[in-house]
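Undergrad: So that you have it, the file is protein23.txt, and it contains compact mmCIF, C-alpha atoms and all ligand atoms:
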```txt
# COMPACT_ATOMS: atom_id res chain seq x y z
CA MET F 1 -32.28 -8.91 3.87
CA ALA F 2 -35.32 -11.04 3.36
CA ARG F 3 -38.65 -9.60 4.47
CA LEU F 4 -40.54 -11.62 7.01
CA LYS F 5 -43.98 -12.87 6.14
CA LEU F 6 -46.57 -13.43 8.82
CA LYS F 7 -47.89 -16.90 9.29
CA GLU F 8 -49.85 -16.33 12.48
CA HIS F 9 -49.92 -14.80 15.93
CA VAL F 10 -49.87 -17.65 18.41
CA ILE F 11 -51.51 -16.40 21.61
CA ASN F 12 -51.50 -18.41 24.80
CA ARG F 13 -54.77 -17.34 26.40
CA ASP F 14 -53.92 -19.13 29.63
CA TRP F 15 -50.75 -17.11 30.08
CA CYS F 16 -51.92 -13.70 28.78
CA LYS F 17 -52.89 -11.37 31.65
CA GLY F 18 -54.29 -8.62 29.49
CA CYS F 19 -51.70 -6.05 30.56
CA GLY F 20 -52.07 -4.31 27.20
CA ILE F 21 -48.34 -3.67 26.63
CA CYS F 22 -48.36 -5.40 23.25
CA VAL F 23 -51.51 -3.54 22.22
CA HIS F 24 -50.13 -0.15 23.27
CA PHE F 25 -46.77 -0.48 21.52
CA CYS F 26 -47.74 -2.27 18.30
CA PRO F 27 -46.71 0.22 15.60
CA LYS F 28 -49.53 -0.95 13.31
CA LYS F 29 -52.39 -1.32 15.80
CA VAL F 30 -52.76 -4.99 14.94
CA LEU F 31 -53.70 -6.13 18.44
CA GLU F 32 -56.63 -5.54 20.78
CA LEU F 33 -57.91 -6.94 24.06
CA ASP F 34 -61.19 -8.84 23.86
CA SER F 35 -64.05 -8.86 26.37
CA GLN F 36 -62.14 -11.37 28.50
CA GLU F 37 -59.06 -9.12 28.57
CA LYS F 38 -57.01 -11.46 26.41
CA VAL F 39 -55.12 -10.25 23.40
CA VAL F 40 -56.30 -10.97 19.85
CA ALA F 41 -54.83 -10.06 16.47
CA VAL F 42 -57.68 -8.09 14.89
CA ARG F 43 -55.76 -6.72 11.88
CA PRO F 44 -53.17 -9.41 11.12
CA GLU F 45 -52.86 -8.16 7.52
CA ASP F 46 -51.24 -4.94 8.84
CA CYS F 47 -48.57 -6.75 10.86
CA ILE F 48 -45.00 -5.88 9.84
CA CYS F 49 -43.51 -8.76 11.87
CA CYS F 50 -41.32 -6.48 14.01
CA LYS F 51 -41.94 -8.97 16.88
CA LEU F 52 -41.86 -6.21 19.49
CA CYS F 53 -45.12 -7.55 20.95
CA GLU F 54 -43.46 -10.92 21.45
CA LEU F 55 -40.28 -9.44 22.94
CA ARG F 56 -42.06 -7.06 25.34
CA CYS F 57 -44.66 -9.52 26.60
CA PRO F 58 -43.89 -10.09 30.31
CA ASP F 59 -45.82 -13.36 30.20
CA LEU F 60 -44.30 -15.01 27.11
CA ALA F 61 -47.90 -15.24 25.88
CA ILE F 62 -47.62 -14.04 22.29
CA GLU F 63 -45.49 -15.39 19.49
CA VAL F 64 -45.31 -13.99 15.96
CA VAL F 65 -44.74 -16.95 13.68
CA THR F 66 -43.23 -15.98 10.34
CA THR F 67 -42.37 -17.93 7.22
CA GLN F 68 -38.78 -16.75 7.18
CA THR F 69 -36.55 -16.41 10.19
CA ASN F 70 -34.08 -13.84 9.07
CA GLN F 71 -32.52 -12.41 12.20
CA ALA F 72 -31.10 -9.39 10.38
CA ALA F 73 -34.45 -8.32 9.02
CA GLU F 74 -36.09 -8.67 12.40
CA THR F 75 -33.67 -6.56 14.32
CA ASP F 76 -33.47 -4.04 11.50
CA GLN F 77 -37.18 -3.39 11.55
CA ALA F 78 -37.44 -3.33 15.28
CA ALA F 79 -34.44 -1.06 15.64
CA GLN F 80 -36.18 1.51 13.45
CA ASP F 81 -39.05 1.49 15.86
CA GLU F 82 -36.83 2.23 18.84
CA MET B 83 -33.73 -23.96 20.83
CA ALA B 84 -37.09 -22.30 21.27
CA ILE B 85 -37.57 -19.90 24.18
CA LYS B 86 -40.03 -22.34 25.76
CA ASP B 87 -37.22 -24.90 26.10
CA TYR B 88 -35.46 -22.59 28.57
CA ILE B 89 -38.38 -22.27 31.00
CA ARG B 90 -40.20 -24.51 33.46
CA GLN B 91 -43.58 -24.35 31.78
CA ARG B 92 -45.29 -26.02 34.71
CA TYR B 93 -44.92 -22.79 36.71
CA PHE B 94 -46.68 -20.64 34.10
CA PRO B 95 -48.62 -18.41 34.03
CA GLN B 96 -46.01 -16.80 36.29
CA MET B 97 -46.95 -15.04 39.55
CA TRP B 98 -45.96 -11.50 38.62
CA CYS B 99 -48.74 -8.91 38.35
CA PRO B 100 -50.08 -8.04 34.89
CA GLY B 101 -47.54 -5.78 33.15
CA CYS B 102 -44.74 -6.28 35.69
CA GLY B 103 -41.41 -5.30 34.12
CA HIS B 104 -39.69 -8.31 35.66
CA GLY B 105 -41.42 -10.51 33.06
CA ILE B 106 -39.92 -8.45 30.24
CA ILE B 107 -36.48 -8.86 31.80
CA LEU B 108 -37.03 -12.63 31.94
CA ASN B 109 -38.08 -12.51 28.29
CA ALA B 110 -34.94 -10.56 27.29
CA LEU B 111 -32.65 -12.82 29.29
CA LEU B 112 -34.09 -15.95 27.65
CA ARG B 113 -33.51 -14.41 24.20
CA ALA B 114 -29.93 -13.50 25.11
CA VAL B 115 -29.16 -17.02 26.33
CA ASP B 116 -30.86 -18.50 23.25
CA GLU B 117 -29.03 -16.24 20.80
CA MET B 118 -25.72 -17.11 22.46
CA GLY B 119 -26.56 -20.80 22.07
CA LEU B 120 -25.64 -21.53 25.69
CA ASP B 121 -26.24 -25.03 27.00
CA LYS B 122 -28.77 -24.68 29.82
CA ASN B 123 -26.96 -27.39 31.77
CA ASN B 124 -23.97 -25.07 32.09
CA ILE B 125 -25.94 -22.14 33.51
CA VAL B 126 -26.57 -21.55 37.20
CA MET B 127 -28.95 -18.85 38.36
CA THR B 128 -28.89 -17.80 41.99
CA SER B 129 -31.43 -15.38 43.39
CA GLY B 130 -32.38 -13.90 46.76
CA ILE B 131 -35.87 -12.88 47.88
CA GLY B 132 -38.31 -10.52 46.21
CA CYS B 133 -40.70 -10.51 43.26
CA SER B 134 -37.56 -10.25 41.10
CA ALA B 135 -35.95 -13.24 42.82
CA ARG B 136 -38.84 -15.45 41.74
CA ILE B 137 -37.24 -15.44 38.30
CA SER B 138 -34.98 -18.36 39.26
CA GLY B 139 -38.02 -20.62 39.55
CA TYR B 140 -39.07 -19.95 35.97
CA VAL B 141 -35.85 -20.74 34.14
CA ASP B 142 -34.88 -24.30 33.34
CA PHE B 143 -31.24 -23.77 34.38
CA HIS B 144 -29.63 -24.99 37.59
CA SER B 145 -31.13 -22.66 40.14
CA LEU B 146 -30.75 -21.61 43.75
CA HIS B 147 -33.47 -19.50 45.35
CA THR B 148 -31.60 -18.36 48.45
CA LEU B 149 -31.70 -15.64 51.12
CA HIS B 150 -32.64 -11.98 50.76
CA GLY B 151 -29.54 -10.06 49.67
CA ARG B 152 -27.30 -13.14 49.50
CA ALA B 153 -27.65 -14.24 45.88
CA LEU B 154 -24.11 -13.06 45.09
CA ALA B 155 -22.63 -14.88 48.08
CA PHE B 156 -24.18 -18.17 46.93
CA ALA B 157 -23.10 -17.46 43.35
CA THR B 158 -19.54 -16.86 44.56
CA GLY B 159 -19.51 -20.26 46.24
CA VAL B 160 -20.81 -22.00 43.13
CA LYS B 161 -18.41 -20.17 40.82
CA LEU B 162 -15.32 -20.87 42.94
CA SER B 163 -16.10 -24.58 43.12
CA LYS B 164 -17.07 -24.88 39.44
CA PRO B 165 -15.54 -21.98 37.50
CA GLU B 166 -16.55 -23.51 34.16
CA LEU B 167 -20.23 -22.71 34.82
CA THR B 168 -21.97 -19.50 33.73
CA LEU B 169 -23.44 -17.64 36.70
CA LEU B 170 -26.49 -15.40 36.29
CA VAL B 171 -27.54 -13.40 39.34
CA PRO B 172 -30.75 -11.38 38.96
CA MET B 173 -31.63 -9.23 41.97
CA GLY B 174 -34.20 -6.66 43.01
CA ASP B 175 -33.09 -3.14 43.89
CA GLY B 176 -33.65 -3.84 47.58
CA ASP B 177 -32.11 -7.28 47.33
CA ALA B 178 -29.00 -5.98 45.55
CA LEU B 179 -28.42 -2.62 47.20
CA ALA B 180 -30.22 -2.46 50.55
CA ILE B 181 -29.72 -5.70 52.48
CA GLY B 182 -27.33 -7.06 49.82
CA GLY B 183 -25.30 -3.89 49.32
CA ASN B 184 -22.20 -5.21 51.02
CA HIS B 185 -22.19 -8.45 49.03
CA PHE B 186 -22.69 -6.36 45.91
CA ILE B 187 -19.68 -4.07 46.33
CA HIS B 188 -17.37 -6.87 47.42
CA ALA B 189 -18.32 -9.20 44.56
CA ALA B 190 -17.60 -6.25 42.23
CA ARG B 191 -14.30 -5.56 43.99
CA ARG B 192 -13.16 -9.16 43.50
CA ASN B 193 -14.14 -9.04 39.84
CA ILE B 194 -15.46 -12.59 40.00
CA ASP B 195 -16.86 -13.83 36.69
CA MET B 196 -20.65 -13.60 36.89
CA THR B 197 -23.47 -11.44 35.60
CA ALA B 198 -25.38 -9.41 38.17
CA ILE B 199 -28.69 -8.11 36.85
CA VAL B 200 -30.32 -5.39 38.93
CA MET B 201 -34.06 -5.47 38.21
CA ASN B 202 -34.65 -1.93 39.39
CA ASN B 203 -38.31 -1.04 39.99
CA ARG B 204 -37.29 1.51 42.67
CA ILE B 205 -39.45 -0.15 45.33
CA TYR B 206 -39.84 -3.22 47.53
CA GLY B 207 -42.49 -4.87 45.39
CA MET B 208 -42.94 -8.12 47.23
CA THR B 209 -43.50 -6.70 50.69
CA GLY B 210 -46.00 -4.03 49.69
CA GLY B 211 -44.25 -0.97 48.32
CA GLN B 212 -41.70 0.28 50.85
CA TYR B 213 -39.08 2.67 49.43
CA SER B 214 -35.63 1.33 48.58
CA PRO B 215 -32.13 2.84 48.25
CA LEU B 216 -32.93 3.25 44.56
CA SER B 217 -36.26 5.08 44.97
CA GLY B 218 -34.66 8.52 45.10
CA PRO B 219 -36.01 11.66 46.78
CA GLY B 220 -39.55 12.93 46.36
CA LYS B 221 -41.16 9.51 45.75
CA LYS B 222 -44.21 8.08 47.44
CA ALA B 223 -44.04 4.70 49.15
CA THR B 224 -45.89 2.85 51.89
CA THR B 225 -43.11 3.94 54.23
CA ALA B 226 -43.04 7.49 52.83
CA PRO B 227 -46.61 8.79 52.58
CA TYR B 228 -45.28 12.38 52.43
CA THR B 229 -42.51 11.41 49.96
CA THR B 230 -38.96 10.20 50.47
CA ILE B 231 -36.05 12.42 51.47
CA ASP B 232 -33.29 9.84 50.84
CA ASN B 233 -30.92 10.19 47.91
CA ASP B 234 -30.60 7.13 45.70
CA PHE B 235 -27.51 5.22 44.63
CA ASP B 236 -26.40 5.53 41.03
CA VAL B 237 -25.92 1.80 40.34
CA VAL B 238 -23.62 2.45 37.41
CA LYS B 239 -21.27 4.79 39.30
CA LEU B 240 -21.33 2.59 42.39
CA SER B 241 -20.44 -0.52 40.37
CA ILE B 242 -17.61 1.22 38.56
CA ALA B 243 -16.17 2.57 41.81
CA ALA B 244 -16.43 -0.87 43.43
CA GLY B 245 -14.44 -2.50 40.62
CA ALA B 246 -16.91 -4.17 38.25
CA SER B 247 -15.23 -4.66 34.87
CA PHE B 248 -18.44 -4.50 32.81
CA VAL B 249 -21.16 -2.00 33.69
CA ALA B 250 -24.28 -1.22 31.68
CA ARG B 251 -27.81 0.13 31.98
CA SER B 252 -30.97 -0.36 29.99
CA THR B 253 -34.73 -0.48 30.55
CA ALA B 254 -37.53 -3.00 30.09
CA TYR B 255 -38.89 -0.74 27.34
CA HIS B 256 -35.63 -1.03 25.34
CA VAL B 257 -35.88 -4.78 25.08
CA LEU B 258 -33.64 -5.19 22.03
CA GLU B 259 -30.93 -3.14 23.72
CA CYS B 260 -31.38 -5.30 26.83
CA ILE B 261 -30.83 -8.49 24.85
CA ASP B 262 -27.72 -7.05 23.23
CA ILE B 263 -26.27 -5.79 26.53
CA LEU B 264 -27.06 -9.02 28.37
CA LYS B 265 -25.22 -11.01 25.71
CA LYS B 266 -22.16 -8.78 26.09
CA ALA B 267 -22.35 -8.96 29.88
CA ILE B 268 -22.56 -12.76 29.93
CA GLU B 269 -19.75 -12.99 27.38
CA HIS B 270 -17.55 -10.72 29.49
CA LYS B 271 -14.97 -12.43 31.71
CA GLY B 272 -15.26 -10.72 35.09
CA PHE B 273 -17.96 -9.13 37.24
CA SER B 274 -20.66 -7.69 34.99
CA VAL B 275 -23.42 -5.43 36.25
CA VAL B 276 -26.49 -4.74 34.14
CA GLU B 277 -29.02 -2.39 35.68
CA ILE B 278 -32.39 -2.73 33.99
CA LEU B 279 -35.08 -0.21 34.90
CA SER B 280 -38.24 -2.19 35.50
CA GLN B 281 -41.81 -1.23 36.34
CA CYS B 282 -43.95 -2.19 39.33
CA PRO B 283 -47.37 -0.90 38.30
CA THR B 284 -48.96 -2.37 41.43
CA HIS B 285 -47.03 -0.39 44.05
CA TYR B 286 -44.63 2.17 42.60
CA GLY B 287 -46.83 3.04 39.64
CA ARG B 288 -50.00 3.40 41.64
CA LYS B 289 -48.43 5.43 44.47
CA ASN B 290 -46.51 7.75 42.19
CA LYS B 291 -49.32 8.18 39.67
CA GLU B 292 -47.22 6.89 36.81
CA GLY B 293 -50.19 5.11 35.24
CA ASP B 294 -50.41 1.57 33.95
CA ALA B 295 -47.61 -0.68 32.72
CA SER B 296 -47.60 0.82 29.22
CA GLN B 297 -47.38 4.36 30.58
CA MET B 298 -44.54 3.34 32.88
CA LEU B 299 -42.72 1.91 29.85
CA GLU B 300 -43.33 5.20 28.01
CA PHE B 301 -41.77 6.91 31.03
CA GLN B 302 -38.65 4.71 30.69
CA LYS B 303 -38.49 5.65 27.02
CA ASN B 304 -38.89 9.38 27.67
CA THR B 305 -36.60 9.79 30.67
CA THR B 306 -33.56 7.92 29.36
CA ALA B 307 -31.17 8.37 26.44
CA LYS B 308 -28.38 6.44 24.81
CA LEU B 309 -24.80 7.24 25.81
CA GLY B 310 -23.30 9.63 23.29
CA SER B 311 -26.68 10.63 21.87
CA LYS B 312 -27.73 14.19 20.94
CA ALA B 313 -30.69 13.84 23.29
CA LEU B 314 -28.41 13.20 26.26
CA GLU B 315 -26.13 16.07 25.32
CA GLN B 316 -29.07 18.46 25.14
CA ASP B 317 -30.75 17.23 28.31
CA PRO B 318 -28.34 16.01 31.00
CA THR B 319 -31.26 15.23 33.33
CA LEU B 320 -32.01 12.16 31.20
CA ILE B 321 -30.74 8.85 32.58
CA PRO B 322 -27.98 7.51 30.33
CA ARG B 323 -28.25 4.00 28.87
CA GLY B 324 -25.63 1.80 27.29
CA VAL B 325 -22.31 0.17 28.18
CA PHE B 326 -20.31 2.41 30.54
CA VAL B 327 -17.35 0.14 31.26
CA ASP B 328 -16.00 -2.94 29.50
CA ILE B 329 -12.40 -3.62 30.50
CA ASP B 330 -10.07 -6.58 30.89
CA ALA B 331 -9.08 -7.02 34.52
CA PRO B 332 -7.73 -9.96 36.56
CA GLU B 333 -10.59 -12.32 37.30
CA TYR B 334 -10.98 -13.82 40.78
CA CYS B 335 -11.21 -17.54 39.93
CA GLN B 336 -8.23 -17.31 37.59
CA GLU B 337 -6.19 -15.50 40.24
CA TYR B 338 -7.23 -18.13 42.75
CA ASP B 339 -6.06 -20.90 40.38
CA ARG B 340 -2.69 -19.19 40.15
CA ILE B 341 -2.39 -19.09 43.92
CA VAL B 342 -3.25 -22.79 44.09
CA GLU B 343 -0.56 -23.48 41.49
CA ARG B 344 2.00 -21.47 43.46
CA ALA B 345 1.10 -23.22 46.70
CA MET B 346 1.41 -26.61 44.99
CA LYS B 347 4.84 -25.72 43.60
CA GLY B 348 5.86 -24.49 47.04
CA SER B 349 4.79 -27.73 48.68
CA GLN B 350 6.49 -29.78 45.92
CA ASN B 351 9.77 -28.02 46.76
CA GLN B 352 9.19 -28.67 50.45
CA ILE B 353 8.65 -32.37 49.74
CA HIS B 354 11.84 -32.54 47.63
CA LYS B 355 13.84 -30.85 50.40
CA PHE B 356 12.37 -33.19 53.02
CA ASP B 357 13.13 -36.28 50.90
CA LYS B 358 16.71 -35.15 50.43
CA THR B 359 17.20 -34.58 54.18
CA LEU B 360 15.85 -38.05 54.90
CA ARG B 361 18.14 -39.60 52.32
CA ASP B 362 21.15 -37.71 53.66
CA GLU B 363 20.37 -38.75 57.19
CA ALA B 364 19.89 -42.36 56.12
CA ASN B 365 23.23 -42.30 54.35
CA GLN B 366 24.93 -40.97 57.45
CA THR B 367 23.35 -43.31 59.96
CA CYS B 368 23.49 -46.42 57.79
CA PRO B 369 26.98 -46.64 56.32
CA LYS B 370 27.10 -48.71 53.20
CA PRO B 371 28.35 -52.24 53.73
C1 LIG F 401 -33.53 -11.19 55.84
C2 LIG F 401 -34.82 -10.69 55.27
N1 LIG F 401 -35.19 -9.42 55.52
C3 LIG F 401 -36.32 -8.93 55.00
C4 LIG F 401 -37.12 -9.74 54.24
C5 LIG F 401 -38.42 -9.18 53.69
N2 LIG F 401 -38.35 -8.89 52.28
C6 LIG F 401 -38.72 -9.79 51.35
S1 LIG F 401 -38.57 -9.23 49.79
C7 LIG F 401 -38.00 -7.73 50.34
C8 LIG F 401 -37.64 -6.60 49.42
C9 LIG F 401 -37.98 -6.84 48.00
O1 LIG F 401 -37.63 -5.73 47.21
P1 LIG F 401 -36.68 -5.88 45.96
O2 LIG F 401 -35.45 -6.59 46.32
O3 LIG F 401 -36.53 -4.54 45.36
O4 LIG F 401 -37.49 -6.86 45.00
P2 LIG F 401 -38.87 -6.64 44.21
O5 LIG F 401 -39.90 -7.38 45.00
O6 LIG F 401 -39.13 -5.18 44.13
O7 LIG F 401 -38.62 -7.25 42.88
C10 LIG F 401 -37.93 -7.69 51.73
C11 LIG F 401 -37.49 -6.53 52.54
C12 LIG F 401 -36.70 -11.07 54.00
N3 LIG F 401 -37.40 -11.90 53.20
N4 LIG F 401 -35.55 -11.51 54.51
S1 LIG F 402 -48.16 -8.20 26.50
FE1 LIG F 402 -48.52 -10.40 26.80
S2 LIG F 402 -49.71 -10.57 28.70
FE2 LIG F 402 -49.79 -8.43 28.04
S3 LIG F 402 -51.70 -8.33 26.83
FE3 LIG F 402 -50.03 -8.74 25.39
S4 LIG F 402 -49.95 -10.98 25.20
FE4 LIG F 402 -51.18 -10.51 27.02
S1 LIG F 403 -45.09 -8.12 15.18
FE1 LIG F 403 -45.03 -5.88 15.36
S2 LIG F 403 -46.61 -5.21 13.91
FE2 LIG F 403 -46.96 -7.38 14.25
S3 LIG F 403 -48.47 -7.47 15.89
FE3 LIG F 403 -46.45 -7.57 16.85
S4 LIG F 403 -45.93 -5.46 17.37
FE4 LIG F 403 -47.62 -5.40 15.89
S1 LIG F 404 -45.77 -6.24 43.21
FE1 LIG F 404 -44.71 -5.04 41.66
S2 LIG F 404 -42.72 -6.06 41.39
FE2 LIG F 404 -44.09 -7.51 42.43
S3 LIG F 404 -45.01 -8.72 40.77
FE3 LIG F 404 -46.41 -7.03 41.21
S4 LIG F 404 -45.80 -5.44 39.75
FE4 LIG F 404 -44.10 -6.90 39.85
MG MG F 405 -37.70 -3.71 43.82
```
What does this structure look like when you write it as structure tokens?

TA:
Amino acid sequence: MARLKLKEHVINRDWCKGCGICVHFCPKKVLELDSQEKVVAVRPEDCICCKLCELRCPDLAIEVVTTQTNQAAETDQAAQDE
Amino acid sequence: MAIKDYIRQRYFPQMWCPGCGHGIILNALLRAVDEMGLDKNNIVMTSGIGCSARISGYVDFHSLHTLHGRALAFATGVKLSKPELTLLVPMGDGDALAIGGNHFIHAARRNIDMTAIVMNNRIYGMTGGQYSPLSGPGKKATTAPYTTIDNDFDVVKLSIAAGASFVARSTAYHVLECIDILKKAIEHKGFSVVEILSQCPTHYGRKNKEGDASQMLEFQKNTTAKLGSKALEQDPTLIPRGVFVDIDAPEYCQEYDRIVERAMKGSQNQIHKFDKTLRDEANQTCPKP
């Protein structure tokens, strides 16, 4: 299973409502809300690309873009978290 | 396809409150449809009225935003006229089991091929936080300032008793499990029910002091357990999650096709008999020269 490598967190600031779900459940504390209550990736180097932030966002406002899209690796990592 | 290809982006940001669980259910459903590689032109979503029902506006499938409690009735009409289409029917807890309760049990009884998704936030979100048949006793609501005394339905048991051939439960917190279960439910030929526990931080959460959206998701995590798990065995008060029923049973549209076939054969025989009588009569009345 190939390991995913982070390219970037694509955040749609118009859609993000600052609910904080992604911040609260990120296993590596990568995300924070800024002064405008929009999410930002403050520690992208710690991201393990589990994509749980993307999957649990009610507003489809955050996308974790990776260099490999290996479905097996994704679900494997995320499953560990659950 | 990318997830964004399955939504009507012009309606975003969507109208749900920050942290509303209904958005997570939309997210999971889009992933399920995407992973199954379904053609969006072959999907029809019907919905009733409620915050939950607004979901049909956001998906780029064929969609019908109909009457409170009647999403399954409209879906039944669509499915019977075009059985080749995939029917997705998301409903609120009030929509599905208060005003729509009768439609719900009868659609299950017929085992018509569609996927009913109960977006259960245990409250009437849209109308301001009245209690629903899924609130359960001891809950606060606009209509129950001193807490509810009504028992709640167990959606899983009710669906099984009514005849649904696929019955499952998950939560917005367990999003990967949701995606997996939704795929199985859509794949299943027959009436599928997927109850997904959702959070309404605005009404239910505030009134019942369950905290913000994240804390309500923590609550879903801590008060449920997978079927067959140690946790469930040790603490039967936990709400079980997983697939409860997945059986093959005669499906309504297929049975209807068979009736049509029988009726056609019957009428063919009638026509043959009628033709023969006419011929016989003609032979008698018109002797050959
Ligand atoms: C025939 C009819 N009766 C009542 C209403 C008022 N009404 C609108 S939404 C709703 C309940 C919504 O609760 P639920 O189905 O749980 O959806 P939620 O908003 O919680 O997602 C009610 C009673 C209506 N629109 N139509
Ligand atoms: S979960 Fe989505 S809407 Fe909520 S803060 Fe994160 S990106 Fe924003
Ligand atoms: S992908 Fe996982 S580790 Fe990375 S920011 Fe999202 S939740 Fe955190
Ligand atoms: S009122 Fe409740 S159910 Fe409706 S959008 Fe807000 S949080 Fe969601
Ligand atoms: Mg509700």

Undergrad: Would you name the residues within 10 Å of ligand MG 405 (chain F), counting only C-alpha atoms and all ligand atoms, and put them as an MDAnalysis selection string?

TA: chainID B and resid 104 132:135 173:179 200:209 211:217 279:282 285:286

Undergrad: Considering all atoms listed in the file, extract the chain B residues located within 8 Å of chain F and return them as a VMD selection string.

TA: chain B and resid 94 to 96 100 to 110 254 to 258 295 to 296

Undergrad: Could you save the residues just selected, with C-alpha atoms, as a short mmCIF file (atom, residue, chain, number, x, y, z; two decimals), in the frame of the given file?

TA:
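See again39.cif below for the written result:
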```
data_model
loop_
_atom_site.label_atom_id
_atom_site.label_comp_id
_atom_site.auth_asym_id
_atom_site.auth_seq_id
_atom_site.Cartn_x
_atom_site.Cartn_y
_atom_site.Cartn_z
CA PHE B 94 -46.68 -20.64 34.10
CA PRO B 95 -48.62 -18.41 34.03
CA GLN B 96 -46.01 -16.80 36.29
CA PRO B 100 -50.08 -8.04 34.89
CA GLY B 101 -47.54 -5.78 33.15
CA CYS B 102 -44.74 -6.28 35.69
CA GLY B 103 -41.41 -5.30 34.12
CA HIS B 104 -39.69 -8.31 35.66
CA GLY B 105 -41.42 -10.51 33.06
CA ILE B 106 -39.92 -8.45 30.24
CA ILE B 107 -36.48 -8.86 31.80
CA LEU B 108 -37.03 -12.63 31.94
CA ASN B 109 -38.08 -12.51 28.29
CA ALA B 110 -34.94 -10.56 27.29
CA ALA B 254 -37.53 -3.00 30.09
CA TYR B 255 -38.89 -0.74 27.34
CA HIS B 256 -35.63 -1.03 25.34
CA VAL B 257 -35.88 -4.78 25.08
CA LEU B 258 -33.64 -5.19 22.03
CA ALA B 295 -47.61 -0.68 32.72
CA SER B 296 -47.60 0.82 29.22
#
```

Undergrad: Please report the interatomic distance between CA of Ile263 in chain B and CA of Asp121 in chain B in Å with one decimal.

TA: 19.2 Å

Undergrad: In Å, with one decimal, what is the gap from atom S3 of ligand LIG 403 (chain F) to CA of Asp294 in chain B?

TA: 20.3 Å

Undergrad: Write out as a list of chain:residue names which residues come within 10 Å of Leu112 in chain B when counting all atoms listed in the file, dropping same-chain ones fewer than 5 positions away.

TA: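 Contacts, with the query itself left out: B:Ala84, B:Ile85, B:Lys86, B:Asp87, B:Tyr88, B:Ile89, B:Ile106, B:Ile107, B:Glu117, B:Met118, B:Val141, B:Ile261, B:Leu264.
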
Undergrad: From the options F:Val65, F:Ile48, F:Leu31, F:Leu4, which residue's atoms come nearest to ligand LIG 402 (chain F), counting all atoms listed in the file?

TA: F:Leu31

Undergrad: Could you give me, as a short mmCIF file (atom, residue, chain, number, x, y, z; two decimals) with C-alpha atoms, keeping the file's coordinate frame, every polymer residue with an atom at most 7 Å away from an atom of ligand LIG 403 (chain F), counting only C-alpha atoms and all ligand atoms?

TA:
```
data_model
loop_
_atom_site.label_atom_id
_atom_site.label_comp_id
_atom_site.auth_asym_id
_atom_site.auth_seq_id
_atom_site.Cartn_x
_atom_site.Cartn_y
_atom_site.Cartn_z
CA CYS F 22 -48.36 -5.40 23.25
CA PHE F 25 -46.77 -0.48 21.52
CA CYS F 26 -47.74 -2.27 18.30
CA PRO F 27 -46.71 0.22 15.60
CA LYS F 28 -49.53 -0.95 13.31
CA LYS F 29 -52.39 -1.32 15.80
CA VAL F 30 -52.76 -4.99 14.94
CA LEU F 31 -53.70 -6.13 18.44
CA ALA F 41 -54.83 -10.06 16.47
CA PRO F 44 -53.17 -9.41 11.12
CA ASP F 46 -51.24 -4.94 8.84
CA CYS F 47 -48.57 -6.75 10.86
CA ILE F 48 -45.00 -5.88 9.84
CA CYS F 49 -43.51 -8.76 11.87
CA CYS F 50 -41.32 -6.48 14.01
CA LYS F 51 -41.94 -8.97 16.88
CA LEU F 52 -41.86 -6.21 19.49
CA CYS F 53 -45.12 -7.55 20.95
CA GLU F 54 -43.46 -10.92 21.45
CA VAL F 64 -45.31 -13.99 15.96
#
```

Undergrad: Can you work out the spacing between CA of Ile268 in chain B and CA of Thr168 in chain B in Å, to one decimal?

TA: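 CA of Ile268 in chain B sits 7.8 Å away from CA of Thr168 in chain B.
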
Undergrad: Output as lines of an AutoDock Vina configuration file the centre and edge lengths (Å, one decimal) of the box along x, y and z of the file that holds every listed atom of ligand LIG 404 (chain F) after adding 8 Å on each side.

TA:
```
center_x = -44.6
center_y = -6.9
center_z = 41.5
size_x = 19.7
size_y = 19.7
size_z = 19.5
```
